[in-house]
Amino acid sequence: MRFLDKVGLAIFSMIVLIISVLLMLMGFNFIEPTVFSVLITKVLMYQQATYTMIGVSVILILLSIKCLFFSSESKDKKKSSEEGILMENSDGKLLITRNTLENLVDTVVEQYADVRKYDTDVIIDKQNNVTINVAVEVLEGCVIKELSSSLQEKIKTCVKDATDLELTAVDIEIHKVELKKEEVGNE
């Protein structure tokens, strides 16, 4: 959020707060509504005060129009930071979404018979560095170190081949080791 947007938001928040408190005080009869009409009439009696009030009103109107109708980020940058990575070349633009990257990782993980359940999380930072976190549940008897190394390598290769993106990291978390079904039945 840019500085002007922050200032505009802060000013409008203060104005709404003041108006809300004054209306509440009028509702509980702590302040008479005629106090405001007398105050405004006295301010308008002085030429300098009138010009100041008009100037402040114009600035607030312009600031409100800017905050309401003009965003501080370009649509392409906003879209790419929220949804994925925007790549451009001479032919046009390509948006590689988080969902696409998650689907690529899911196709790799599903190839492993020792993996029972899994959850994929794709993290894209502001510099478009991609980190993939995969939480898995595995069957008892699998070699976790070999499985995780193999998963990391295949995920990196699959994403690189499909999207030409270099992954910053592929983190594997083993959440649970599940007993094989035939062992559970024998007990």
# chains A, B, ... in the order shown; residues from 1 in each chain; ligands from 1
>>> residues_around(residues="range 122-137 of chain A", least_positions_apart="2", cutoff="6 Å", atoms="only C-alpha atoms", output="ChimeraX atom specification")
/A:115-120,167-177
>>> residues_around(residues="range 152-162 of chain A", least_positions_apart="2", cutoff="8 Å", atoms="only C-alpha atoms", output="PyMOL selection string")
chain A and resi 101+104-105+108+148-150+164-167+170-172
>>> atom_distance(atom1="CA of Tyr112 in chain A", atom2="CA of Gly141 in chain A")
13.6 Å
>>> closest_residue(among="A:Leu44, A:Leu179, A:Cys67, A:Asn89", to="Arg2 in chain A", atoms="only C-alpha atoms")
A:Cys67
>>> residues_around(residues="range 36-38 of chain A", least_positions_apart="6", cutoff="12 Å", atoms="only C-alpha atoms", output="ChimeraX atom specification")
/A:19,22-23,26,44-45
>>> closest_residue(among="A:Leu62, A:Leu151, A:Leu94, A:Leu9", to="Asp106 in chain A", atoms="only C-alpha atoms")
A:Leu151
>>> select_by_dssp(residues="chain A", states="alpha helix (DSSP H)", output="count of residues only")
106
